[in-house]
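> File name structure38.pdb; file contents PDB, C-alpha atoms; full text below.
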ATOM      1  CA  MET A   1     -83.703  67.188 -76.365
ATOM      2  CA  LYS A   2     -80.955  64.606 -76.412
ATOM      3  CA  LEU A   3     -78.311  64.210 -79.091
ATOM      4  CA  THR A   4     -77.273  60.654 -79.937
ATOM      5  CA  LEU A   5     -74.217  59.741 -81.962
ATOM      6  CA  GLY A   6     -75.062  56.610 -83.934
ATOM      7  CA  PRO A   7     -72.576  53.820 -84.661
ATOM      8  CA  LEU A   8     -69.876  54.469 -87.241
ATOM      9  CA  GLN A   9     -71.110  52.765 -90.405
ATOM     10  CA  TYR A  10     -67.789  52.854 -92.276
ATOM     11  CA  LEU A  11     -64.502  50.994 -91.892
ATOM     12  CA  TRP A  12     -61.772  53.233 -90.510
ATOM     13  CA  PRO A  13     -58.300  52.113 -89.372
ATOM     14  CA  SER A  14     -58.146  51.207 -85.676
ATOM     15  CA  GLU A  15     -56.194  54.279 -84.593
ATOM     16  CA  ARG A  16     -58.454  56.644 -86.491
ATOM     17  CA  TRP A  17     -61.511  54.896 -85.015
ATOM     18  CA  ARG A  18     -60.115  55.221 -81.481
ATOM     19  CA  ASP A  19     -59.046  58.863 -81.899
ATOM     20  CA  PHE A  20     -62.440  59.783 -83.333
ATOM     21  CA  TYR A  21     -64.233  58.530 -80.240
ATOM     22  CA  PHE A  22     -61.655  60.112 -77.932
ATOM     23  CA  GLU A  23     -62.441  63.442 -79.600
ATOM     24  CA  ILE A  24     -66.167  62.830 -79.247
ATOM     25  CA  ALA A  25     -65.674  62.026 -75.554
ATOM     26  CA  ASP A  26     -63.666  65.168 -74.894
ATOM     27  CA  GLU A  27     -65.390  67.752 -77.086
ATOM     28  CA  ALA A  28     -68.768  66.747 -78.559
ATOM     29  CA  PRO A  29     -71.981  67.885 -76.780
ATOM     30  CA  VAL A  30     -73.782  64.574 -77.313
ATOM     31  CA  ASP A  31     -75.617  62.692 -74.588
ATOM     32  CA  VAL A  32     -75.555  59.138 -75.955
ATOM     33  CA  VAL A  33     -72.956  57.308 -78.060
ATOM     34  CA  VAL A  34     -73.904  54.070 -79.801
ATOM     35  CA  ILE A  35     -70.775  52.070 -80.505
ATOM     36  CA  GLY A  36     -69.965  48.752 -82.139
ATOM     37  CA  GLU A  37     -69.824  47.109 -85.567
ATOM     38  CA  THR A  38     -73.204  47.223 -87.243
ATOM     39  CA  ILE A  39     -72.508  46.583 -90.924
ATOM     40  CA  CYS A  40     -70.037  43.710 -91.433
ATOM     41  CA  SER A  41     -68.755  41.167 -88.924
ATOM     42  CA  LYS A  42     -65.454  40.898 -90.802
ATOM     43  CA  ARG A  43     -64.621  44.386 -89.522
ATOM     44  CA  LEU A  44     -64.945  43.485 -85.849
ATOM     45  CA  HIS A  45     -61.232  42.926 -85.261
ATOM     46  CA  PHE A  46     -60.476  46.520 -86.310
ATOM     47  CA  MET A  47     -62.154  47.824 -83.145
ATOM     48  CA  GLU A  48     -61.871  44.972 -80.660
ATOM     49  CA  ALA A  49     -58.447  45.970 -79.280
ATOM     50  CA  GLU A  50     -59.572  49.568 -78.680
ATOM     51  CA  LEU A  51     -63.172  49.014 -77.614
ATOM     52  CA  ALA A  52     -62.656  48.860 -73.836
ATOM     53  CA  VAL A  53     -60.492  51.995 -73.665
ATOM     54  CA  VAL A  54     -62.902  53.915 -75.896
ATOM     55  CA  ILE A  55     -65.903  52.981 -73.752
ATOM     56  CA  GLU A  56     -63.989  53.968 -70.623
ATOM     57  CA  ARG A  57     -63.095  57.361 -72.121
ATOM     58  CA  LEU A  58     -66.670  58.039 -73.242
ATOM     59  CA  GLU A  59     -68.212  57.110 -69.900
ATOM     60  CA  ALA A  60     -65.615  59.101 -67.976
ATOM     61  CA  ALA A  61     -66.759  62.108 -70.022
ATOM     62  CA  GLY A  62     -70.359  61.554 -68.909
ATOM     63  CA  LYS A  63     -71.682  59.991 -72.125
ATOM     64  CA  GLU A  64     -74.171  57.140 -72.013
ATOM     65  CA  VAL A  65     -72.722  54.273 -74.069
ATOM     66  CA  ARG A  66     -74.942  51.816 -75.915
ATOM     67  CA  LEU A  67     -73.697  48.763 -77.801
ATOM     68  CA  SER A  68     -75.012  48.069 -81.293
ATOM     69  CA  THR A  69     -75.733  44.637 -82.720
ATOM     70  CA  LEU A  70     -75.098  43.620 -86.314
ATOM     71  CA  ALA A  71     -77.787  44.603 -88.799
ATOM     72  CA  LEU A  72     -77.654  41.296 -90.696
ATOM     73  CA  VAL A  73     -76.836  37.810 -89.413
ATOM     74  CA  THR A  74     -76.033  35.124 -91.999
ATOM     75  CA  LEU A  75     -73.318  32.994 -90.351
ATOM     76  CA  GLU A  76     -73.106  30.955 -87.167
ATOM     77  CA  ARG A  77     -70.202  33.047 -85.876
ATOM     78  CA  GLU A  78     -72.351  36.136 -86.344
ATOM     79  CA  ALA A  79     -75.187  34.493 -84.428
ATOM     80  CA  ASN A  80     -72.733  33.624 -81.663
ATOM     81  CA  TYR A  81     -71.559  37.237 -81.581
ATOM     82  CA  GLN A  82     -75.156  38.445 -81.187
ATOM     83  CA  ARG A  83     -75.726  35.966 -78.343
ATOM     84  CA  ALA A  84     -72.567  37.084 -76.539
ATOM     85  CA  LEU A  85     -73.490  40.753 -76.948
ATOM     86  CA  ALA A  86     -76.982  40.104 -75.587
ATOM     87  CA  LEU A  87     -75.433  38.917 -72.314
ATOM     88  CA  GLU A  88     -74.221  42.465 -71.596
ATOM     89  CA  ASP A  89     -75.909  43.566 -68.378
ATOM     90  CA  VAL A  90     -74.244  46.924 -67.763
ATOM     91  CA  ARG A  91     -75.029  48.938 -70.889
ATOM     92  CA  LEU A  92     -78.130  49.190 -73.025
ATOM     93  CA  ILE A  93     -78.003  47.132 -76.216
ATOM     94  CA  GLU A  94     -79.297  48.632 -79.462
ATOM     95  CA  ALA A  95     -80.942  45.945 -81.577
ATOM     96  CA  ASN A  96     -80.493  46.416 -85.313
ATOM     97  CA  ASP A  97     -81.632  42.945 -86.379
ATOM     98  CA  LEU A  98     -84.717  40.889 -85.505
ATOM     99  CA  SER A  99     -82.600  38.068 -84.105
ATOM    100  CA  ALA A 100     -81.361  40.481 -81.440
ATOM    101  CA  LEU A 101     -84.947  41.302 -80.451
ATOM    102  CA  TYR A 102     -85.538  37.659 -79.555
ATOM    103  CA  LEU A 103     -82.350  37.547 -77.476
ATOM    104  CA  LEU A 104     -83.261  40.769 -75.627
ATOM    105  CA  LYS A 105     -86.909  39.935 -74.976
ATOM    106  CA  GLY A 106     -88.103  41.058 -71.561
ATOM    107  CA  ARG A 107     -85.070  43.285 -70.922
ATOM    108  CA  PRO A 108     -84.754  47.032 -71.477
ATOM    109  CA  HIS A 109     -83.072  47.745 -74.805
ATOM    110  CA  ALA A 110     -83.000  50.227 -77.659
ATOM    111  CA  VAL A 111     -84.075  49.663 -81.263
ATOM    112  CA  GLY A 112     -81.966  51.127 -84.071
ATOM    113  CA  PRO A 113     -82.982  52.481 -87.493
ATOM    114  CA  PHE A 114     -82.142  49.217 -89.297
ATOM    115  CA  ILE A 115     -85.316  47.642 -87.882
ATOM    116  CA  ASN A 116     -88.323  48.875 -89.807
ATOM    117  CA  VAL A 117     -90.837  50.570 -87.528
ATOM    118  CA  TYR A 118     -93.381  52.199 -89.802
ATOM    119  CA  ASN A 119     -96.452  52.455 -87.575
ATOM    120  CA  ALA A 120     -97.666  52.629 -84.005
ATOM    121  CA  ALA A 121     -98.681  48.960 -83.892
ATOM    122  CA  SER A 122     -95.089  47.898 -84.581
ATOM    123  CA  ALA A 123     -93.784  50.313 -81.970
ATOM    124  CA  ARG A 124     -96.205  48.954 -79.359
ATOM    125  CA  VAL A 125     -95.093  45.379 -80.052
ATOM    126  CA  LEU A 126     -91.457  46.392 -79.626
ATOM    127  CA  ALA A 127     -92.264  48.249 -76.412
ATOM    128  CA  SER A 128     -94.010  45.158 -75.036
ATOM    129  CA  ASN A 129     -90.821  43.218 -75.823
ATOM    130  CA  GLY A 130     -88.763  45.608 -73.668
ATOM    131  CA  ALA A 131     -87.781  48.448 -76.012
ATOM    132  CA  THR A 132     -87.463  51.769 -74.200
ATOM    133  CA  THR A 133     -86.048  53.798 -77.108
ATOM    134  CA  ILE A 134     -86.646  53.527 -80.843
ATOM    135  CA  CYS A 135     -84.660  55.309 -83.533
ATOM    136  CA  LEU A 136     -87.167  55.445 -86.355
ATOM    137  CA  PRO A 137     -86.121  54.688 -89.961
ATOM    138  CA  PRO A 138     -84.942  57.808 -91.812
ATOM    139  CA  GLU A 139     -87.575  57.426 -94.546
ATOM    140  CA  LEU A 140     -90.499  58.129 -92.182
ATOM    141  CA  PRO A 141     -92.249  61.498 -92.668
ATOM    142  CA  ALA A 142     -92.867  63.761 -89.696
ATOM    143  CA  SER A 143     -96.592  62.942 -89.754
ATOM    144  CA  SER A 144     -95.841  59.246 -89.147
ATOM    145  CA  VAL A 145     -93.400  60.095 -86.364
ATOM    146  CA  ALA A 146     -96.103  62.160 -84.652
ATOM    147  CA  ALA A 147     -98.685  59.362 -85.033
ATOM    148  CA  ILE A 148     -96.349  56.819 -83.439
ATOM    149  CA  ALA A 149     -95.525  59.236 -80.612
ATOM    150  CA  ARG A 150     -99.212  59.819 -79.825
ATOM    151  CA  SER A 151     -99.839  56.099 -79.619
ATOM    152  CA  CYS A 152     -96.708  55.289 -77.577
ATOM    153  CA  PRO A 153     -96.239  58.125 -75.059
ATOM    154  CA  ASP A 154     -93.920  56.065 -72.825
ATOM    155  CA  LEU A 155     -91.411  55.360 -75.606
ATOM    156  CA  GLU A 156     -88.505  57.687 -76.300
ATOM    157  CA  LEU A 157     -88.491  58.314 -80.038
ATOM    158  CA  GLU A 158     -85.370  59.300 -81.917
ATOM    159  CA  VAL A 159     -85.077  60.524 -85.504
ATOM    160  CA  PHE A 160     -82.160  60.186 -87.897
ATOM    161  CA  ALA A 161     -81.215  63.863 -88.166
ATOM    162  CA  PHE A 162     -77.781  63.875 -89.812
ATOM    163  CA  GLY A 163     -75.791  61.543 -92.042
ATOM    164  CA  ARG A 164     -76.014  59.436 -95.156
ATOM    165  CA  MET A 165     -79.175  57.378 -94.722
ATOM    166  CA  PRO A 166     -78.968  53.583 -94.368
ATOM    167  CA  LEU A 167     -81.145  52.082 -97.104
ATOM    168  CA  ALA A 168     -80.285  48.390 -97.427
ATOM    169  CA  ILE A 169     -78.028  45.566 -96.230
ATOM    170  CA  SER A 170     -77.126  42.623 -98.468
ATOM    171  CA  ALA A 171     -75.596  39.198 -97.885
ATOM    172  CA  ARG A 172     -73.324  40.006-100.834
ATOM    173  CA  CYS A 173     -70.731  42.772-101.046
ATOM    174  CA  ALA A 174     -71.250  45.046-104.039
ATOM    175  CA  HIS A 175     -68.394  47.230-102.808
ATOM    176  CA  ALA A 176     -65.897  44.364-103.175
ATOM    177  CA  ARG A 177     -67.473  43.284-106.467
ATOM    178  CA  SER A 178     -67.072  46.785-107.905
ATOM    179  CA  LYS A 179     -63.316  46.507-107.326
ATOM    180  CA  GLY A 180     -62.937  43.056-108.827
ATOM    181  CA  ARG A 181     -62.982  41.073-105.571
ATOM    182  CA  THR A 182     -65.327  38.732-103.775
ATOM    183  CA  LYS A 183     -66.845  39.074-100.329
ATOM    184  CA  ASP A 184     -64.702  36.231 -98.946
ATOM    185  CA  ASN A 185     -61.538  37.800-100.370
ATOM    186  CA  CYS A 186     -62.509  41.457-100.134
ATOM    187  CA  GLN A 187     -59.202  42.562 -98.587
ATOM    188  CA  PHE A 188     -61.269  45.249 -96.853
ATOM    189  CA  VAL A 189     -61.598  47.439 -99.947
ATOM    190  CA  CYS A 190     -64.303  49.433 -98.149
ATOM    191  CA  GLN A 191     -61.504  50.991 -96.106
ATOM    192  CA  GLU A 192     -60.482  52.814 -99.296
ATOM    193  CA  ASP A 193     -63.736  54.784 -99.122
ATOM    194  CA  PRO A 194     -64.012  56.089 -95.533
ATOM    195  CA  ASP A 195     -67.226  57.959 -96.350
ATOM    196  CA  GLY A 196     -68.698  55.405 -98.750
ATOM    197  CA  MET A 197     -68.174  54.938-102.504
ATOM    198  CA  THR A 198     -70.428  57.046-104.715
ATOM    199  CA  VAL A 199     -72.617  55.152-107.192
ATOM    200  CA  LYS A 200     -73.678  57.036-110.325
ATOM    201  CA  THR A 201     -76.503  56.518-112.777
ATOM    202  CA  ILE A 202     -75.845  55.716-116.438
ATOM    203  CA  SER A 203     -76.046  59.455-117.127
ATOM    204  CA  GLY A 204     -73.345  60.124-114.527
ATOM    205  CA  GLN A 205     -75.496  61.541-111.724
ATOM    206  CA  PRO A 206     -74.533  60.614-108.125
ATOM    207  CA  PHE A 207     -77.295  58.341-106.871
ATOM    208  CA  LEU A 208     -76.290  56.110-103.942
ATOM    209  CA  ALA A 209     -73.232  55.161-101.905
ATOM    210  CA  LEU A 210     -71.750  51.728-101.215
ATOM    211  CA  ASN A 211     -70.256  50.800 -97.864
ATOM    212  CA  GLY A 212     -69.275  47.146 -97.956
ATOM    213  CA  VAL A 213     -72.513  45.144 -97.893
ATOM    214  CA  GLN A 214     -74.527  48.292 -97.189
ATOM    215  CA  THR A 215     -76.274  50.712 -99.538
ATOM    216  CA  LEU A 216     -76.582  54.309 -98.371
ATOM    217  CA  SER A 217     -78.092  57.472 -99.784
ATOM    218  CA  HIS A 218     -75.779  59.748-101.732
ATOM    219  CA  THR A 219     -77.212  62.778 -99.963
ATOM    220  CA  CYS A 220     -76.759  63.543 -96.284
ATOM    221  CA  GLN A 221     -79.969  63.887 -94.321
ATOM    222  CA  ALA A 222     -80.114  67.093 -92.278
ATOM    223  CA  LEU A 223     -83.244  67.729 -90.219
ATOM    224  CA  LEU A 224     -83.148  71.298 -89.003
ATOM    225  CA  GLU A 225     -86.366  72.017 -87.163
ATOM    226  CA  CYS A 226     -86.987  74.257 -84.177
ATOM    227  CA  PRO A 227     -87.071  72.572 -80.738
ATOM    228  CA  ASP A 228     -90.781  73.334 -80.343
ATOM    229  CA  GLU A 229     -91.554  71.397 -83.524
ATOM    230  CA  TRP A 230     -89.714  68.319 -82.285
ATOM    231  CA  LYS A 231     -91.724  68.477 -79.065
ATOM    232  CA  VAL A 232     -94.991  68.652 -81.007
ATOM    233  CA  TRP A 233     -93.964  65.556 -82.968
ATOM    234  CA  GLY A 234     -93.016  63.724 -79.762
ATOM    235  CA  VAL A 235     -89.317  63.385 -80.570
ATOM    236  CA  GLY A 236     -86.947  63.092 -77.603
ATOM    237  CA  SER A 237     -83.603  62.677 -79.351
ATOM    238  CA  LEU A 238     -81.859  63.475 -82.636
ATOM    239  CA  ARG A 239     -79.401  60.948 -84.079
ATOM    240  CA  LEU A 240     -76.218  62.102 -85.796
ATOM    241  CA  SER A 241     -74.464  59.481 -87.915
ATOM    242  CA  PRO A 242     -70.653  59.845 -88.190
ATOM    243  CA  GLN A 243     -69.302  61.088 -91.509
ATOM    244  CA  THR A 244     -65.782  62.184 -92.467
ATOM    245  CA  CYS A 245     -66.557  65.811 -91.662
ATOM    246  CA  ASP A 246     -65.936  67.441 -88.271
ATOM    247  CA  MET A 247     -68.536  65.657 -86.141
ATOM    248  CA  VAL A 248     -67.695  67.716 -83.058
ATOM    249  CA  GLU A 249     -68.714  70.849 -84.943
ATOM    250  CA  VAL A 250     -71.749  69.099 -86.428
ATOM    251  CA  SER A 251     -72.959  68.100 -82.968
ATOM    252  CA  SER A 252     -72.188  71.584 -81.626
ATOM    253  CA  THR A 253     -74.259  73.091 -84.435
ATOM    254  CA  PHE A 254     -77.253  70.904 -83.589
ATOM    255  CA  ARG A 255     -76.863  71.601 -79.876
ATOM    256  CA  ARG A 256     -76.766  75.363 -80.421
ATOM    257  CA  MET A 257     -79.838  75.144 -82.647
ATOM    258  CA  LEU A 258     -81.740  73.102 -80.047
ATOM    259  CA  ASN A 259     -80.708  75.581 -77.363
ATOM    260  CA  GLY A 260     -82.084  78.465 -79.435
ATOM    261  CA  GLU A 261     -78.660  80.066 -79.862
ATOM    262  CA  ILE A 262     -78.846  79.898 -83.681
ATOM    263  CA  GLU A 263     -81.706  79.621 -86.153
ATOM    264  CA  PRO A 264     -82.202  76.565 -88.398
ATOM    265  CA  GLY A 265     -81.133  78.632 -91.401
ATOM    266  CA  GLN A 266     -77.838  79.466 -89.722
ATOM    267  CA  ALA A 267     -77.363  75.796 -88.850
ATOM    268  CA  LEU A 268     -77.935  74.927 -92.517
ATOM    269  CA  VAL A 269     -75.202  77.295 -93.656
ATOM    270  CA  ARG A 270     -72.829  75.878 -91.057
ATOM    271  CA  LEU A 271     -73.497  72.253 -92.029
ATOM    272  CA  ARG A 272     -72.936  73.013 -95.700
ATOM    273  CA  ASP A 273     -69.593  74.566 -94.789
ATOM    274  CA  LEU A 274     -68.655  71.526 -92.684
ATOM    275  CA  TYR A 275     -69.689  68.940 -95.287
ATOM    276  CA  PRO A 276     -69.419  70.764 -98.625
ATOM    277  CA  ASP A 277     -68.988  67.852-101.044
ATOM    278  CA  ILE A 278     -72.238  66.021-100.260
ATOM    279  CA  PRO A 279     -75.660  67.635-100.832
ATOM    280  CA  LEU A 280     -77.975  67.889 -97.838
ATOM    281  CA  SER A 281     -81.507  66.535 -98.003
ATOM    282  CA  ASN A 282     -84.689  66.366 -95.915
ATOM    283  CA  GLY A 283     -87.249  65.142 -98.426
ATOM    284  CA  PHE A 284     -88.352  62.042 -96.515
ATOM    285  CA  HIS A 285     -89.144  64.122 -93.440
ATOM    286  CA  HIS A 286     -91.526  66.277 -95.489
ATOM    287  CA  GLY A 287     -93.143  63.399 -97.369
ATOM    288  CA  LYS A 288     -91.149  64.020-100.553
ATOM    289  CA  THR A 289     -88.430  62.164-102.433
ATOM    290  CA  GLY A 290     -85.641  61.495 -99.955
ATOM    291  CA  ALA A 291     -82.894  63.220-101.953
ATOM    292  CA  GLU A 292     -84.792  66.539-102.105
ATOM    293  CA  TRP A 293     -84.088  69.614-100.024
ATOM    294  CA  VAL A 294     -87.335  71.203 -98.842
ATOM    295  CA  ALA A 295     -86.584  74.751 -97.729
ATOM    296  CA  ARG A 296     -89.875  75.400 -96.004
ATOM    297  CA  LEU A 297     -88.400  77.623 -93.270
ATOM    298  CA  ARG A 298     -87.997  81.269 -94.200
ATOM    299  CA  ASN A 299     -84.461  81.550 -92.867
ATOM    300  CA  ALA A 300     -83.541  78.252 -94.535
ATOM    301  CA  LYS A 301     -84.794  79.629 -97.848
ATOM    302  CA  GLU A 302     -82.698  82.712 -97.380
ATOM    303  CA  ALA A 303     -79.657  80.574 -96.669
ATOM    304  CA  THR A 304     -80.063  78.719 -99.978
ATOM    305  CA  GLU A 305     -80.499  81.815-102.139
TER     306      GLU A 305
END
Just dump the structure as structure tokens.

Amino acid sequence: MKLTLGPLQYLWPSERWRDFYFEIADEAPVDVVVIGETICSKRLHFMEAELAVVIERLEAAGKEVRLSTLALVTLEREANYQRALALEDVRLIEANDLSALYLLKGRPHAVGPFINVYNAASARVLASNGATTICLPPELPASSVAAIARSCPDLELEVFAFGRMPLAISARCAHARSKGRTKDNCQFVCQEDPDGMTVKTISGQPFLALNGVQTLSHTCQALLECPDEWKVWGVGSLRLSPQTCDMVEVSSTFRRMLNGEIEPGQALVRLRDLYPDIPLSNGFHHGKTGAEWVARLRNAKEATE
């Protein structure tokens, strides 16, 4: 089983962004790192100066680096950015928008979780276009993952195993609006919330999270299944999405679980210690409401009692 670190969804200062990936390169037991701005093109300049040195550090550490496209294209400069990125011929590109699929047609590429792949027919179409790896949307239940895997045995399937789940992208910026600004004059207010801004219901219950133009789940998905189960479902890689917790320890916890060194219940306890302020969830994976925690494993039940 591979571990993939997905692209950072939040806006962090350049130095923090660089140092995070340096730490991942040096210490995290992940196989693949997807890097690049996925959420908002206005953030691109925060990483551009550090991108080359970060890629060099990651590849020197033996990580496979993939480059992510934007998840929403609304401006000509964004379209031009997608076209320029599609010319990359050294590293695999991860398409997170349909416009990128057209640009990558006939070439090997990956498909990220922002492109909805809900059935085997969709996966087969993407494979015929050149996709070699698909990270399935986090809302898919395990039964759907298994059905897609059976129909597409040559595709490497990846599931979103850790992180706040990406739910929607908008052309407008609710994050800026919530702080009395507009998208054009946002002054990068999303940087004030490096793990997303919690949205509450009228009754005061945490419900969602805002990240610039993106809407995320409030809960953090955590899929803690035994390696044999992932094999049965046809999953080849687990995706970990960066949060403000210790991602080196998060990735180490998943690696130890996949290696059989710790049980899923022990991994659950460890993740709750590492990310204590955000509830963990796995409801989508079990065909339930996404924000639920389904403690179907005996040792996981014990860990929650």
> Pick out the residues sitting within 10 Å of Trp17 of chain A, and hand them over as a list in words; count all atoms listed in the file, and ignore anything fewer than 3 positions along from it in its own chain.
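Result of the neighbour search: Leu8, Tyr10, Leu11, Trp12, Pro13, Ser14, Phe20, Tyr21, Phe22, Phe46, Met47, Glu50, Leu51 and Val54 of chain A.
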> Carefully work through the PyMOL selection byres ((chain A and resi 257) around 9) for this structure and note down the residues it includes, as a PDB file with C-alpha atoms, in the coordinates of the input.

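Saved result, selection21.pdb, follows:
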ATOM      1  CA  LEU A 224     -83.148  71.298 -89.003  1.00  0.00           C
ATOM      2  CA  GLU A 225     -86.366  72.017 -87.163  1.00  0.00           C
ATOM      3  CA  CYS A 226     -86.987  74.257 -84.177  1.00  0.00           C
ATOM      4  CA  PRO A 227     -87.071  72.572 -80.738  1.00  0.00           C
ATOM      5  CA  SER A 252     -72.188  71.584 -81.626  1.00  0.00           C
ATOM      6  CA  THR A 253     -74.259  73.091 -84.435  1.00  0.00           C
ATOM      7  CA  PHE A 254     -77.253  70.904 -83.589  1.00  0.00           C
ATOM      8  CA  ARG A 255     -76.863  71.601 -79.876  1.00  0.00           C
ATOM      9  CA  ARG A 256     -76.766  75.363 -80.421  1.00  0.00           C
ATOM     10  CA  LEU A 258     -81.740  73.102 -80.047  1.00  0.00           C
ATOM     11  CA  ASN A 259     -80.708  75.581 -77.363  1.00  0.00           C
ATOM     12  CA  GLY A 260     -82.084  78.465 -79.435  1.00  0.00           C
ATOM     13  CA  GLU A 261     -78.660  80.066 -79.862  1.00  0.00           C
ATOM     14  CA  ILE A 262     -78.846  79.898 -83.681  1.00  0.00           C
ATOM     15  CA  GLU A 263     -81.706  79.621 -86.153  1.00  0.00           C
ATOM     16  CA  PRO A 264     -82.202  76.565 -88.398  1.00  0.00           C
ATOM     17  CA  GLN A 266     -77.838  79.466 -89.722  1.00  0.00           C
ATOM     18  CA  ALA A 267     -77.363  75.796 -88.850  1.00  0.00           C
TER      19      ALA A 267
END
> Closest to Leu103 of chain A among A:Leu87, A:Leu72, A:Val248, A:Ile115, using only C-alpha atoms?
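Distance minimum relative to Leu103 of chain A lands on A:Leu87.
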> From the set A:Tyr275, A:Phe188, A:Trp293, A:Trp230, which residue has the shortest atom-to-atom contact distance to Met247 of chain A, counting all atoms listed in the file?
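Ranked by minimum distance to Met247 of chain A, first place goes to A:Tyr275.
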> Could you tell me how far atom CA of Val90 of chain A lies from atom CA of Glu78 of chain A, in Å and to one decimal?
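Atom-to-atom, atom CA of Val90 of chain A to atom CA of Glu78 of chain A, that is 21.6 Å.
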> Which of these residues is nearest to Val111 of chain A, using all atoms listed in the file: A:Ser178, A:Gln9, A:Ser144, A:Thr133?
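Residue with the minimum atom-to-atom distance to Val111 of chain A: A:Thr133.
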> For a test of reading the model, state the distance in Å between atom CA of Gly283 of chain A and atom CA of Leu136 of chain A, rounded to one decimal.
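Distance between the two atoms: 15.5 Å.
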> To one decimal in Å, tell me the separation between atom CA of Tyr102 of chain A and atom CA of Arg239 of chain A.
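Separation of atom CA of Tyr102 of chain A and atom CA of Arg239 of chain A: 24.5 Å.
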> Please expand the PyMOL selection byres ((chain A and resi 27-40) around 7) into the concrete residues it hits in this file, giving the result as a list in words.
Lys2, Leu3, Thr4, Leu5, Gly6, Pro7, Gln9, Glu23, Ile24, Ala25, Asp26, Ser41, Lys42, Arg43, Leu44, Lys63, Glu64, Val65, Arg66, Leu67, Ser68, Thr69, Leu70, Ala71, Gln214, Val248, Ser251, Ser252 and Arg255 of chain A
> For the file shown, report as a PyMOL selection string the outcome of the PyMOL selection byres ((chain A and resi 110) around 6) at residue level.
chain A and resi 94+109+111+131-134
> Find the residues around Ser143 of chain A up to 10 Å (all atoms listed in the file counted), leave out those fewer than 2 positions away in its own chain, and share them as an MDAnalysis selection string.
chainID A and resid 140:141 145:149 233 285:287
> So that I have them on file, write out the residues from the current selection with C-alpha atoms, as a PDB file, keeping the file's coordinate frame.

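See result.pdb below for the written result:
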ATOM      1  CA  LEU A 140     -90.499  58.129 -92.182  1.00  0.00           C
ATOM      2  CA  PRO A 141     -92.249  61.498 -92.668  1.00  0.00           C
ATOM      3  CA  VAL A 145     -93.400  60.095 -86.364  1.00  0.00           C
ATOM      4  CA  ALA A 146     -96.103  62.160 -84.652  1.00  0.00           C
ATOM      5  CA  ALA A 147     -98.685  59.362 -85.033  1.00  0.00           C
ATOM      6  CA  ILE A 148     -96.349  56.819 -83.439  1.00  0.00           C
ATOM      7  CA  ALA A 149     -95.525  59.236 -80.612  1.00  0.00           C
ATOM      8  CA  TRP A 233     -93.964  65.556 -82.968  1.00  0.00           C
ATOM      9  CA  HIS A 285     -89.144  64.122 -93.440  1.00  0.00           C
ATOM     10  CA  HIS A 286     -91.526  66.277 -95.489  1.00  0.00           C
ATOM     11  CA  GLY A 287     -93.143  63.399 -97.369  1.00  0.00           C
TER      12      GLY A 287
END
> Which one of A:Ala171, A:Ala161, A:Ile55, A:Ala142 sits closest to Val232 of chain A if you count all atoms listed in the file?
A:Ala142
> Counting only C-alpha atoms, note down every residue that has an atom within 8 Å of the point (-78.5, 47.1, -98.9) (file coordinates), as a ChimeraX atom specification.
/A:166-170,213-216
> For Gly212 of chain A, which residue out of A:Glu59, A:Glu192, A:Asp228, A:Glu15 is the nearest one, using only C-alpha atoms?
A:Glu192
> List the neighbours of Phe284 of chain A out to 6 Å using all atoms listed in the file; skip same-chain residues closer than 4 positions along the sequence, and give me the result as a compact mmCIF listing (two decimals) with C-alpha atoms, keeping the file's coordinate frame.

# COMPACT_ATOMS: atom_id res chain seq x y z
CA GLU A 139 -87.58 57.43 -94.55
CA PRO A 141 -92.25 61.50 -92.67
CA LYS A 288 -91.15 64.02 -100.55
CA THR A 289 -88.43 62.16 -102.43
CA GLY A 290 -85.64 61.50 -99.96
> Step by step, gather every atom of segment 133-136 of chain A that the file lists, find the box along x, y and z that holds them, add 6 Å on each side, and finally give centre and edge lengths in Å to one decimal, as AutoDock Vina command-line options.

--center_x -85.9 --center_y 54.5 --center_z -81.7 --size_x 14.5 --size_y 13.9 --size_z 21.2
